[in-house]
Every structure is written in C-alpha cells, then in structure tokens.
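Listing of final_22.txt, compact mmCIF, C-alpha atoms
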```
# COMPACT_ATOMS: atom_id res chain seq x y z
CA MET A 1 12.77 22.18 24.71
CA ASP A 2 14.01 19.79 22.04
CA ARG A 3 13.99 21.08 18.51
CA ILE A 4 14.96 19.76 15.11
CA PRO A 5 17.59 22.06 13.58
CA ILE A 6 16.78 23.77 10.28
CA LEU A 7 19.74 24.67 8.08
CA ARG A 8 19.71 27.35 5.44
CA MET A 9 21.52 26.80 2.19
CA GLY A 10 21.01 29.51 -0.41
CA LYS A 11 17.37 29.50 -1.43
CA PHE A 12 16.67 26.27 0.43
CA LEU A 13 16.02 25.08 3.93
CA LEU A 14 17.36 21.68 4.92
CA VAL A 15 16.05 19.49 7.68
CA THR A 16 17.49 16.14 8.61
CA ILE A 17 15.35 14.20 11.03
CA GLN A 18 17.81 12.01 12.94
CA ILE A 19 15.64 10.72 15.74
CA ASP A 20 12.24 9.15 16.05
CA LEU A 21 9.92 12.05 16.69
CA TYR A 22 7.35 12.27 19.36
CA ASP A 23 4.34 14.39 18.50
CA ARG A 24 5.34 17.68 20.07
CA LEU A 25 8.68 17.64 18.30
CA ALA A 26 6.94 17.11 14.96
CA THR A 27 4.43 19.93 15.47
CA ASN A 28 7.27 22.24 16.56
CA LEU A 29 9.11 21.42 13.38
CA GLU A 30 6.02 22.29 11.34
CA THR A 31 5.72 25.72 12.96
CA ASP A 32 9.46 26.42 12.91
CA LEU A 33 9.68 25.61 9.22
CA VAL A 34 6.82 27.90 8.25
CA TYR A 35 8.40 30.74 10.25
CA MET A 36 11.79 30.07 8.68
CA VAL A 37 10.30 30.13 5.16
CA ASN A 38 8.78 33.48 5.99
CA LYS A 39 11.92 34.89 7.57
CA THR A 40 14.39 33.74 4.92
CA GLY A 41 12.21 33.87 1.84
CA ALA A 42 13.31 30.32 1.07
CA ARG A 43 11.91 28.84 -2.15
CA GLY A 44 12.41 25.22 -1.25
CA VAL A 45 12.32 22.94 1.77
CA LEU A 46 14.14 19.62 1.78
CA ILE A 47 13.32 17.11 4.52
CA ASP A 48 15.53 14.06 4.88
CA ILE A 49 13.71 11.22 6.62
CA SER A 50 16.24 8.47 5.91
CA ALA A 51 16.81 7.92 9.63
CA LEU A 52 13.10 7.52 10.38
CA SER A 53 12.18 3.89 10.90
CA ILE A 54 8.47 4.58 10.89
CA VAL A 55 6.10 7.23 9.57
CA ASP A 56 2.64 6.86 11.04
CA SER A 57 -0.51 8.77 10.10
CA PHE A 58 0.39 11.62 12.44
CA MET A 59 3.88 12.11 11.01
CA GLY A 60 2.43 11.73 7.52
CA ARG A 61 -0.07 14.45 8.24
CA ILE A 62 2.67 16.75 9.55
CA LEU A 63 4.73 16.22 6.38
CA GLY A 64 1.66 16.96 4.25
CA ASN A 65 0.90 20.06 6.33
CA ILE A 66 4.45 21.34 5.91
CA GLY A 67 4.10 20.89 2.14
CA SER A 68 0.79 22.76 1.99
CA MET A 69 1.89 25.57 4.29
CA ALA A 70 5.19 26.04 2.48
CA ARG A 71 3.38 26.16 -0.86
CA ILE A 72 1.12 28.95 0.38
CA MET A 73 4.32 30.75 1.31
CA ASP A 74 5.68 30.19 -2.22
CA ALA A 75 8.08 27.37 -1.38
CA GLU A 76 8.17 23.79 -2.65
CA THR A 77 8.77 20.86 -0.31
CA VAL A 78 10.55 17.64 -1.10
CA VAL A 79 10.82 14.66 1.23
CA VAL A 80 13.84 12.47 0.56
CA GLY A 81 15.37 9.21 1.69
CA MET A 82 12.28 7.27 2.66
CA GLN A 83 13.10 3.68 3.58
CA PRO A 84 11.40 1.05 1.41
CA ALA A 85 9.61 -0.54 4.38
CA VAL A 86 8.26 2.86 5.34
CA ALA A 87 6.92 3.44 1.81
CA ILE A 88 5.20 0.04 1.81
CA THR A 89 3.66 0.69 5.21
CA LEU A 90 2.48 4.20 4.31
CA VAL A 91 0.58 3.02 1.27
CA GLU A 92 -1.06 0.15 3.17
CA LEU A 93 -1.96 2.52 5.94
CA GLY A 94 -3.72 4.64 3.32
CA LEU A 95 -1.51 7.72 3.30
CA GLU A 96 -0.49 9.30 0.03
CA LEU A 97 1.62 12.20 1.27
CA LYS A 98 -0.26 14.76 -0.78
CA GLY A 99 1.29 18.17 -1.12
CA VAL A 100 4.90 17.11 -0.97
CA HIS A 101 7.30 15.97 -3.66
CA THR A 102 9.49 13.00 -2.97
CA ALA A 103 12.94 12.00 -4.17
CA LEU A 104 15.22 9.06 -3.57
CA ASN A 105 18.04 10.93 -1.86
CA VAL A 106 19.27 14.38 -0.92
CA GLU A 107 21.08 14.92 -4.22
CA LYS A 108 18.04 14.04 -6.35
CA GLY A 109 15.86 16.09 -4.00
CA MET A 110 18.02 19.18 -4.50
CA GLU A 111 17.90 18.70 -8.27
CA LEU A 112 14.12 18.42 -8.15
CA LEU A 113 13.77 21.58 -6.06
CA GLN A 114 16.12 23.48 -8.37
CA LYS A 115 14.08 22.38 -11.38
CA LYS A 116 10.75 23.24 -9.76
CA ILE A 117 11.94 26.70 -8.84
CA ASN A 118 13.54 27.39 -12.21
CA GLY A 119 10.33 26.19 -13.86
CA LEU A 120 8.23 28.54 -11.77
CA ASP A 121 10.57 31.47 -12.37
CA ASP A 122 10.57 30.85 -16.14
CA GLU A 123 6.78 30.88 -16.12
CA GLU A 124 6.76 34.18 -14.28
CA ASP A 125 9.30 35.61 -16.70
CA GLU A 126 7.15 34.49 -19.61
CA ILE A 127 4.05 36.09 -18.15
CA ALA A 128 6.01 39.26 -17.53
CA ALA A 129 7.41 39.17 -21.09
CA ASN A 130 3.94 38.68 -22.55
CA GLU A 131 2.61 41.57 -20.56
CA ASP A 132 5.48 43.76 -21.82
CA SER A 133 4.82 42.86 -25.44
CA THR A 134 1.15 43.73 -25.24
CA ASP A 135 1.87 47.21 -23.91
CA MET B 1 4.09 -1.07 29.87
CA LYS B 2 2.16 2.01 30.93
CA ILE B 3 1.53 4.82 28.47
CA GLU B 4 0.81 8.11 30.18
CA LYS B 5 2.34 10.81 28.02
CA GLU B 6 3.55 11.51 24.49
CA GLN B 7 7.16 10.81 25.39
CA ASP B 8 6.25 7.22 26.31
CA VAL B 9 5.43 6.45 22.70
CA VAL B 10 8.99 6.27 21.37
CA PRO B 11 10.30 3.91 24.10
CA PHE B 12 7.20 1.75 23.60
CA ARG B 13 7.87 1.54 19.86
CA ASN B 14 11.47 0.60 20.61
CA ARG B 15 10.33 -2.20 22.94
CA VAL B 16 8.03 -3.57 20.25
CA LYS B 17 10.92 -3.45 17.83
CA GLU B 18 13.20 -5.36 20.22
CA TYR B 19 10.64 -8.16 20.45
CA ALA B 20 10.11 -8.22 16.70
CA VAL B 21 13.85 -8.39 16.06
CA ARG B 22 14.23 -11.15 18.63
CA ILE B 23 11.84 -13.46 16.78
CA GLY B 24 13.46 -12.60 13.46
CA MET B 25 10.61 -10.66 11.89
CA SER B 26 11.41 -9.06 8.52
CA VAL B 27 12.01 -5.32 8.38
CA VAL B 28 8.81 -4.71 6.40
CA ASN B 29 6.68 -6.63 8.91
CA GLN B 30 8.47 -4.92 11.80
CA THR B 31 7.72 -1.54 10.28
CA LYS B 32 4.06 -2.45 9.75
CA LEU B 33 3.70 -3.71 13.32
CA ILE B 34 5.40 -0.69 14.86
CA THR B 35 3.36 1.70 12.74
CA ALA B 36 0.13 -0.02 13.77
CA ALA B 37 1.27 0.09 17.41
CA SER B 38 2.04 3.77 17.06
CA GLU B 39 -1.47 4.49 15.75
CA LEU B 40 -3.11 2.56 18.58
CA VAL B 41 -0.96 4.10 21.30
CA ARG B 42 -1.73 7.54 19.96
CA ASN B 43 -5.46 6.81 20.08
CA MET B 44 -5.09 5.68 23.65
CA LEU B 45 -3.32 8.90 24.64
CA LYS B 46 -5.63 11.15 22.72
CA TYR B 47 -8.99 9.73 23.65
CA ALA B 48 -8.34 8.03 26.98
CA ASN B 49 -5.36 9.95 28.41
CA GLY B 50 -3.24 6.83 28.23
CA GLY B 51 -3.56 3.25 29.31
CA ASN B 52 -1.71 0.00 29.56
CA THR B 53 0.07 -2.06 26.90
CA ILE B 54 1.17 -5.67 26.85
CA ILE B 55 3.75 -7.07 24.46
CA GLU B 56 4.05 -10.83 24.11
CA VAL B 57 5.62 -13.39 21.83
CA ILE B 58 3.20 -16.06 20.69
CA SER B 59 3.57 -19.17 18.60
CA GLU B 60 1.29 -21.40 16.60
CA GLY B 61 2.93 -24.48 15.23
CA ARG B 62 6.14 -23.28 13.63
CA ASN B 63 4.99 -19.76 13.15
CA SER B 64 5.77 -17.19 15.76
CA GLY B 65 4.49 -13.69 16.13
CA ILE B 66 3.92 -10.74 18.39
CA ARG B 67 0.71 -9.90 20.14
CA LEU B 68 0.13 -6.38 21.40
CA ILE B 69 -2.71 -5.47 23.70
CA PHE B 70 -3.83 -1.91 24.35
CA GLN B 71 -6.16 -1.36 27.30
CA ASP B 72 -7.60 1.94 28.33
CA LYS B 73 -10.26 3.15 30.71
CA GLY B 74 -11.38 5.95 28.44
CA PRO B 75 -14.82 6.95 27.23
CA GLY B 76 -15.16 3.89 24.97
CA ILE B 77 -16.27 3.84 21.36
CA LYS B 78 -19.97 4.20 20.67
CA ASP B 79 -20.05 2.80 17.17
CA ILE B 80 -17.12 0.50 16.41
CA ASP B 81 -18.18 -0.13 12.81
CA LEU B 82 -18.13 3.59 12.17
CA ALA B 83 -14.79 4.02 13.98
CA MET B 84 -13.29 1.32 11.74
CA LYS B 85 -14.22 3.24 8.57
CA ASP B 86 -11.53 5.07 6.64
CA GLY B 87 -11.72 8.81 7.12
CA PHE B 88 -13.95 8.79 10.17
CA SER B 89 -12.62 10.67 13.15
CA THR B 90 -14.14 12.38 16.15
CA GLY B 91 -10.83 14.19 16.59
CA LYS B 92 -9.15 16.36 13.99
CA SER B 93 -7.01 13.61 12.51
CA LEU B 94 -7.18 11.88 9.15
CA GLY B 95 -9.26 9.00 10.49
CA LEU B 96 -6.75 6.41 9.33
CA GLY B 97 -5.62 5.18 12.74
CA LEU B 98 -7.93 2.25 13.46
CA PRO B 99 -8.65 1.03 9.90
CA GLY B 100 -5.03 1.65 8.89
CA ALA B 101 -3.69 -0.29 11.86
CA LYS B 102 -6.03 -3.16 10.99
CA ARG B 103 -4.67 -3.33 7.45
CA LEU B 104 -1.10 -3.50 8.72
CA VAL B 105 -1.49 -6.54 10.98
CA ASN B 106 -2.75 -10.12 10.61
CA GLU B 107 -5.30 -10.17 13.38
CA PHE B 108 -7.17 -7.29 14.90
CA GLU B 109 -9.71 -7.41 17.68
CA ILE B 110 -11.44 -4.49 19.32
CA LYS B 111 -13.77 -4.48 22.29
CA SER B 112 -15.24 -1.37 23.73
CA SER B 113 -18.00 -0.34 26.03
CA VAL B 114 -19.09 3.22 26.53
CA GLY B 115 -17.95 4.64 29.86
CA GLU B 116 -15.68 1.69 30.61
CA GLY B 117 -12.93 1.72 28.07
CA THR B 118 -11.49 0.06 25.02
CA THR B 119 -9.23 -2.94 24.49
CA VAL B 120 -7.51 -3.56 21.18
CA SER B 121 -5.50 -6.69 20.52
CA ILE B 122 -3.37 -7.16 17.41
CA ILE B 123 -1.18 -9.98 16.13
CA LYS B 124 1.53 -9.80 13.53
CA TRP B 125 2.98 -13.15 12.47
CA LYS B 126 6.65 -13.41 11.63
CA ASN B 127 5.76 -14.90 8.26
CA GLY B 128 2.51 -13.24 7.49
```
What does this structure look like when you write it as structure tokens?
Amino acid sequence: MDRIPILRMGKFLLVTIQIDLYDRLATNLETDLVYMVNKTGARGVLIDISALSIVDSFMGRILGNIGSMARIMDAETVVVGMQPAVAITLVELGLELKGVHTALNVEKGMELLQKKINGLDDEEDEIAANEDSTD
Amino acid sequence: MKIEKEQDVVPFRNRVKEYAVRIGMSVVNQTKLITAASELVRNMLKYANGGNTIIEVISEGRNSGIRLIFQDKGPGIKDIDLAMKDGFSTGKSLGLGLPGAKRLVNEFEIKSSVGEGTTVSIIKWKNG
C-alpha cells in the first residue's frame, strides 16, 4: 500500500507531502505519525505541504487531527509551505486549521518548533525549580 | 467522468485543472474550483457510493468559465436548507462541504429528491 514517508531528525519528525493525497493515504499518514511520535518520543512534527495544490475540508481535518493527537502525545505540529491560493481557499471554505502551528517555510518551521519546545522545557524547569525551593 | 472509488478523485481533480488552465483561469480561481469539486466528489462517494461528473467550458459574452455537474443516484437530501448550513453533517465530517463549496464558486445549484438522487451544478467564471 502507498505510504507517505516520515523522516526522523533529532527530536523532530519530518513529512513532505509530494503528491496529491487521496483519502486513504491521508488517514494512513495520520495514524503513522501518531505511532511514530509514540515510538520515537519526538517533540515536534513538521509537515511540508508546499507541493499540495489543494487542501479541502477533509485534508484540513486530517491536519488538525494530527495536531491535536500529537499534542496529546506531547509533541507540537507545524505545517509549512502552504501556497497562497491554498490559504485563500481554506479561509473561504471556512477552515481555520485549529491545533496546528503554521510557518512560511521549512526553515522557519524548524525555528518555531525549536522555540516551542525550548519554551515548554523552560517552563517545566521553572516548575521543578520552584518545587525544589519550597522543600 | 465516472467516480466510483476514492482513487478516482485525484484524476478527476486533474481533469478539472486541465480545463481551468486551458481557459486561462487564475491560480486562485483554479484552486477554489478544484477545492469545491473535491468537496462535492467526496460527498458523492460518501453518501451515494459514487456517481457521474460532467466538465464543460461555457461562455457568456466575453467571459468564459467552467461548469461542473455532479449526478448521483444516492439516497437524496431530505432538507437541502439544513444541508447547506455550516457545521451540519449527517456523517462525521466538519459539515463544511456543501456550504464551503458554494462560497468558493460563482453559481451553485442543487436539486435532490429523496430516494432518487442528487444533482449539483457549479460554475466558476474565469474572471469572477
């Protein structure tokens, strides 16, 4: 069966969608990503959709689902490279892509993920430090 | 063009794109048309197990456009007004398909009778 490859890079998982997806391929990607987050303990998921010429409500829902599922598994998701026409269409369609961050390109997306994760870790450190000081 | 399974959706979208490119439609309008087509084809597959589609180039004065017709012999829609509302779905989706598709095109016509099927016709003008 066709599958979209998921690459691991340090704490992150990278997915580049190079072909127009039919529904089964998109739902497989959703499941595969959640399993990969679990298996690798990844903290961030980056999805490059620059090659996608359309994102309809189904694909939008899958992206949102991936974001929500990954978050439950303690990973942040960023969608990068959306074409301007796709952004215009999505908003008119009525989709807001809740649950995922977006960035202009892969580089900015990686920066964003790095920042999000550092931010979260700092918060945890602070909480831990506060707990220590009250002992 | 017949739509019988999920895998037919991508070739159908490509066909629509070919027509849109041929009449010189802008990328934004192409994207809107193809997205609307994708929503309607998905509905057809999901609720009626597929159906038939027609793609045609139309013109009115100097303006040209693409008309897409989606015909199915599914269960039909009981309450079209309700089905056209944002967020209403009898399936598990977001309920954006029909109203969203309508927003993306210039003309949208839906006819449905329970037990007989549904026909949706949309037009996207090149300059519209």
Report as JSON lines the residues of chain B within 10 Å of chain A, each with its shortest atom pair and distance in Å (one decimal), using all atoms listed in the file, ordered by chain and increasing residue number.
```
{"residue": "B:Glu6", "atom": "CA", "partner": "A:Tyr22", "partner_atom": "CA", "distance": 6.4}
{"residue": "B:Gln7", "atom": "CA", "partner": "A:Tyr22", "partner_atom": "CA", "distance": 6.2}
{"residue": "B:Asp8", "atom": "CA", "partner": "A:Tyr22", "partner_atom": "CA", "distance": 8.7}
{"residue": "B:Val9", "atom": "CA", "partner": "A:Tyr22", "partner_atom": "CA", "distance": 7.0}
{"residue": "B:Val10", "atom": "CA", "partner": "A:Tyr22", "partner_atom": "CA", "distance": 6.5}
{"residue": "B:Pro11", "atom": "CA", "partner": "A:Asp20", "partner_atom": "CA", "distance": 9.8}
{"residue": "B:Arg13", "atom": "CA", "partner": "A:Ile54", "partner_atom": "CA", "distance": 9.5}
{"residue": "B:Asn14", "atom": "CA", "partner": "A:Asp20", "partner_atom": "CA", "distance": 9.7}
{"residue": "B:Ser26", "atom": "CA", "partner": "A:Ala85", "partner_atom": "CA", "distance": 9.6}
{"residue": "B:Val27", "atom": "CA", "partner": "A:Ala85", "partner_atom": "CA", "distance": 6.7}
{"residue": "B:Val28", "atom": "CA", "partner": "A:Ala85", "partner_atom": "CA", "distance": 4.7}
{"residue": "B:Asn29", "atom": "CA", "partner": "A:Ala85", "partner_atom": "CA", "distance": 8.1}
{"residue": "B:Gln30", "atom": "CA", "partner": "A:Ala85", "partner_atom": "CA", "distance": 8.7}
{"residue": "B:Thr31", "atom": "CA", "partner": "A:Ile54", "partner_atom": "CA", "distance": 6.2}
{"residue": "B:Lys32", "atom": "CA", "partner": "A:Thr89", "partner_atom": "CA", "distance": 5.5}
{"residue": "B:Leu33", "atom": "CA", "partner": "A:Thr89", "partner_atom": "CA", "distance": 9.2}
{"residue": "B:Ile34", "atom": "CA", "partner": "A:Ile54", "partner_atom": "CA", "distance": 7.3}
{"residue": "B:Thr35", "atom": "CA", "partner": "A:Asp56", "partner_atom": "CA", "distance": 5.5}
{"residue": "B:Ala36", "atom": "CA", "partner": "A:Asp56", "partner_atom": "CA", "distance": 7.8}
{"residue": "B:Ala37", "atom": "CA", "partner": "A:Asp56", "partner_atom": "CA", "distance": 9.4}
{"residue": "B:Ser38", "atom": "CA", "partner": "A:Asp56", "partner_atom": "CA", "distance": 6.8}
{"residue": "B:Glu39", "atom": "CA", "partner": "A:Asp56", "partner_atom": "CA", "distance": 6.7}
{"residue": "B:Arg42", "atom": "CA", "partner": "A:Phe58", "partner_atom": "CA", "distance": 8.8}
{"residue": "B:Asp86", "atom": "CA", "partner": "A:Gly94", "partner_atom": "CA", "distance": 8.5}
{"residue": "B:Gly87", "atom": "CA", "partner": "A:Gly94", "partner_atom": "CA", "distance": 9.8}
{"residue": "B:Ser93", "atom": "CA", "partner": "A:Phe58", "partner_atom": "CA", "distance": 7.7}
{"residue": "B:Leu94", "atom": "CA", "partner": "A:Ser57", "partner_atom": "CA", "distance": 7.4}
{"residue": "B:Gly95", "atom": "CA", "partner": "A:Ser57", "partner_atom": "CA", "distance": 8.8}
{"residue": "B:Leu96", "atom": "CA", "partner": "A:Ser57", "partner_atom": "CA", "distance": 6.7}
{"residue": "B:Gly97", "atom": "CA", "partner": "A:Ser57", "partner_atom": "CA", "distance": 6.8}
{"residue": "B:Leu98", "atom": "CA", "partner": "A:Leu93", "partner_atom": "CA", "distance": 9.6}
{"residue": "B:Pro99", "atom": "CA", "partner": "A:Leu93", "partner_atom": "CA", "distance": 7.9}
{"residue": "B:Gly100", "atom": "CA", "partner": "A:Leu93", "partner_atom": "CA", "distance": 4.3}
{"residue": "B:Ala101", "atom": "CA", "partner": "A:Leu93", "partner_atom": "CA", "distance": 6.8}
{"residue": "B:Lys102", "atom": "CA", "partner": "A:Leu93", "partner_atom": "CA", "distance": 8.6}
{"residue": "B:Arg103", "atom": "CA", "partner": "A:Glu92", "partner_atom": "CA", "distance": 6.6}
{"residue": "B:Leu104", "atom": "CA", "partner": "A:Glu92", "partner_atom": "CA", "distance": 6.6}
```
Go ahead and find all residues with at least one atom no further than 12 Å from (13.6, 25.2, 0.0) in the file's coordinates, using only C-alpha atoms; report them as an NGL selection string. :A and (6-15 or 33-34 or 36-38 or 40-47 or 66-67 or 70-71 or 73-79 or 100-101 or 109-117)
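We find atom CA of Ile110 of chain B and atom CA of Gly76 of chain B to be spaced 10.8 Å apart.
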Extract, using only C-alpha atoms, all DNA, RNA and protein residues at most 6 Å from segment 51-56 of chain B, discarding same-chain residues fewer than 4 positions from it, and format them as a PDB file with C-alpha atoms, keeping the file's coordinate frame.
```
ATOM      1  CA  MET B   1       4.090  -1.070  29.870  1.00  0.00           C
ATOM      2  CA  LYS B   2       2.160   2.010  30.930  1.00  0.00           C
ATOM      3  CA  ILE B   3       1.530   4.820  28.470  1.00  0.00           C
ATOM      4  CA  ILE B  66       3.920 -10.740  18.390  1.00  0.00           C
ATOM      5  CA  ARG B  67       0.710  -9.900  20.140  1.00  0.00           C
ATOM      6  CA  LEU B  68       0.130  -6.380  21.400  1.00  0.00           C
ATOM      7  CA  ILE B  69      -2.710  -5.470  23.700  1.00  0.00           C
ATOM      8  CA  PHE B  70      -3.830  -1.910  24.350  1.00  0.00           C
ATOM      9  CA  GLN B  71      -6.160  -1.360  27.300  1.00  0.00           C
ATOM     10  CA  ASP B  72      -7.600   1.940  28.330  1.00  0.00           C
TER      11      ASP B  72
END
```
What is the atom CA of Val21 of chain B to atom CA of Ile4 of chain A distance in Å?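 Computing the Euclidean distance for atom CA of Val21 of chain B and atom CA of Ile4 of chain A yields 28.2 Å.
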In Å, rounded to a single decimal, give me how far atom CA of Ser89 of chain B is from atom CA of Leu40 of chain B. 13.6 Å
Find, counting only C-alpha atoms, the residue in B:Val57, B:Ala48, B:Val41, B:Leu82 that gets nearest to Arg22 of chain B.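 Once distances to Arg22 of chain B are computed over only C-alpha atoms, the minimum belongs to B:Val57.
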When you look at Asn65 of chain A with a cut-off of 8 Å (counting all atoms listed in the file), what residues show up, excluding the ones that are within fewer than 4 positions of it in the same chain? I need them as a ChimeraX atom specification. /A:30,61,69,99
Taking the partial coordinates given, rebuild segment 50-75 of chain B to contain N, CA and C atoms; return it as a compact mmCIF listing (two decimals), keeping the file's coordinate frame.
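Generated file (part.txt):
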```txt
# COMPACT_ATOMS: atom_id res chain seq x y z
N GLY B 50 -4.21 7.87 27.95
CA GLY B 50 -3.24 6.83 28.23
C GLY B 50 -3.89 5.53 28.65
N GLY B 51 -3.04 4.55 28.94
CA GLY B 51 -3.56 3.25 29.31
C GLY B 51 -2.40 2.28 29.46
N ASN B 52 -2.73 1.02 29.34
CA ASN B 52 -1.71 0.00 29.56
C ASN B 52 -1.47 -0.80 28.27
N THR B 53 -0.22 -1.24 28.07
CA THR B 53 0.07 -2.06 26.90
C THR B 53 0.76 -3.35 27.33
N ILE B 54 0.51 -4.39 26.58
CA ILE B 54 1.17 -5.67 26.85
C ILE B 54 1.81 -6.14 25.55
N ILE B 55 3.06 -6.53 25.64
CA ILE B 55 3.75 -7.07 24.46
C ILE B 55 4.07 -8.53 24.74
N GLU B 56 3.67 -9.44 23.87
CA GLU B 56 4.05 -10.83 24.11
C GLU B 56 4.37 -11.57 22.82
N VAL B 57 5.28 -12.54 22.96
CA VAL B 57 5.62 -13.39 21.83
C VAL B 57 4.69 -14.59 21.87
N ILE B 58 4.10 -14.92 20.72
CA ILE B 58 3.20 -16.06 20.69
C ILE B 58 3.65 -17.02 19.59
N SER B 59 3.22 -18.26 19.68
CA SER B 59 3.57 -19.17 18.60
C SER B 59 2.40 -20.09 18.31
N GLU B 60 2.35 -20.51 17.05
CA GLU B 60 1.29 -21.40 16.60
C GLU B 60 1.96 -22.35 15.62
N GLY B 61 2.16 -23.57 16.06
CA GLY B 61 2.93 -24.48 15.23
C GLY B 61 4.34 -23.94 15.08
N ARG B 62 4.79 -23.80 13.84
CA ARG B 62 6.14 -23.28 13.63
C ARG B 62 6.19 -21.78 13.52
N ASN B 63 5.03 -21.20 13.34
CA ASN B 63 4.99 -19.76 13.15
C ASN B 63 5.01 -19.03 14.49
N SER B 64 5.82 -17.99 14.54
CA SER B 64 5.77 -17.19 15.76
C SER B 64 5.36 -15.77 15.39
N GLY B 65 4.95 -15.05 16.39
CA GLY B 65 4.49 -13.69 16.13
C GLY B 65 4.47 -12.88 17.40
N ILE B 66 3.99 -11.65 17.26
CA ILE B 66 3.92 -10.74 18.39
C ILE B 66 2.47 -10.33 18.60
N ARG B 67 2.03 -10.42 19.84
CA ARG B 67 0.71 -9.90 20.14
C ARG B 67 0.86 -8.65 21.00
N LEU B 68 0.12 -7.62 20.62
CA LEU B 68 0.13 -6.38 21.40
C LEU B 68 -1.29 -6.12 21.88
N ILE B 69 -1.40 -5.78 23.15
CA ILE B 69 -2.71 -5.47 23.70
C ILE B 69 -2.69 -4.04 24.25
N PHE B 70 -3.71 -3.31 23.91
CA PHE B 70 -3.83 -1.91 24.35
C PHE B 70 -5.11 -1.78 25.16
N GLN B 71 -4.97 -1.47 26.44
CA GLN B 71 -6.16 -1.36 27.30
C GLN B 71 -6.26 0.05 27.84
N ASP B 72 -7.41 0.64 27.70
CA ASP B 72 -7.60 1.94 28.33
C ASP B 72 -8.93 1.98 29.08
N LYS B 73 -9.01 2.94 29.96
CA LYS B 73 -10.26 3.15 30.71
C LYS B 73 -10.88 4.47 30.28
N GLY B 74 -10.86 4.70 28.99
CA GLY B 74 -11.38 5.95 28.44
C GLY B 74 -12.87 5.91 28.26
N PRO B 75 -13.37 6.82 27.42
CA PRO B 75 -14.82 6.95 27.23
C PRO B 75 -15.44 5.79 26.44
```
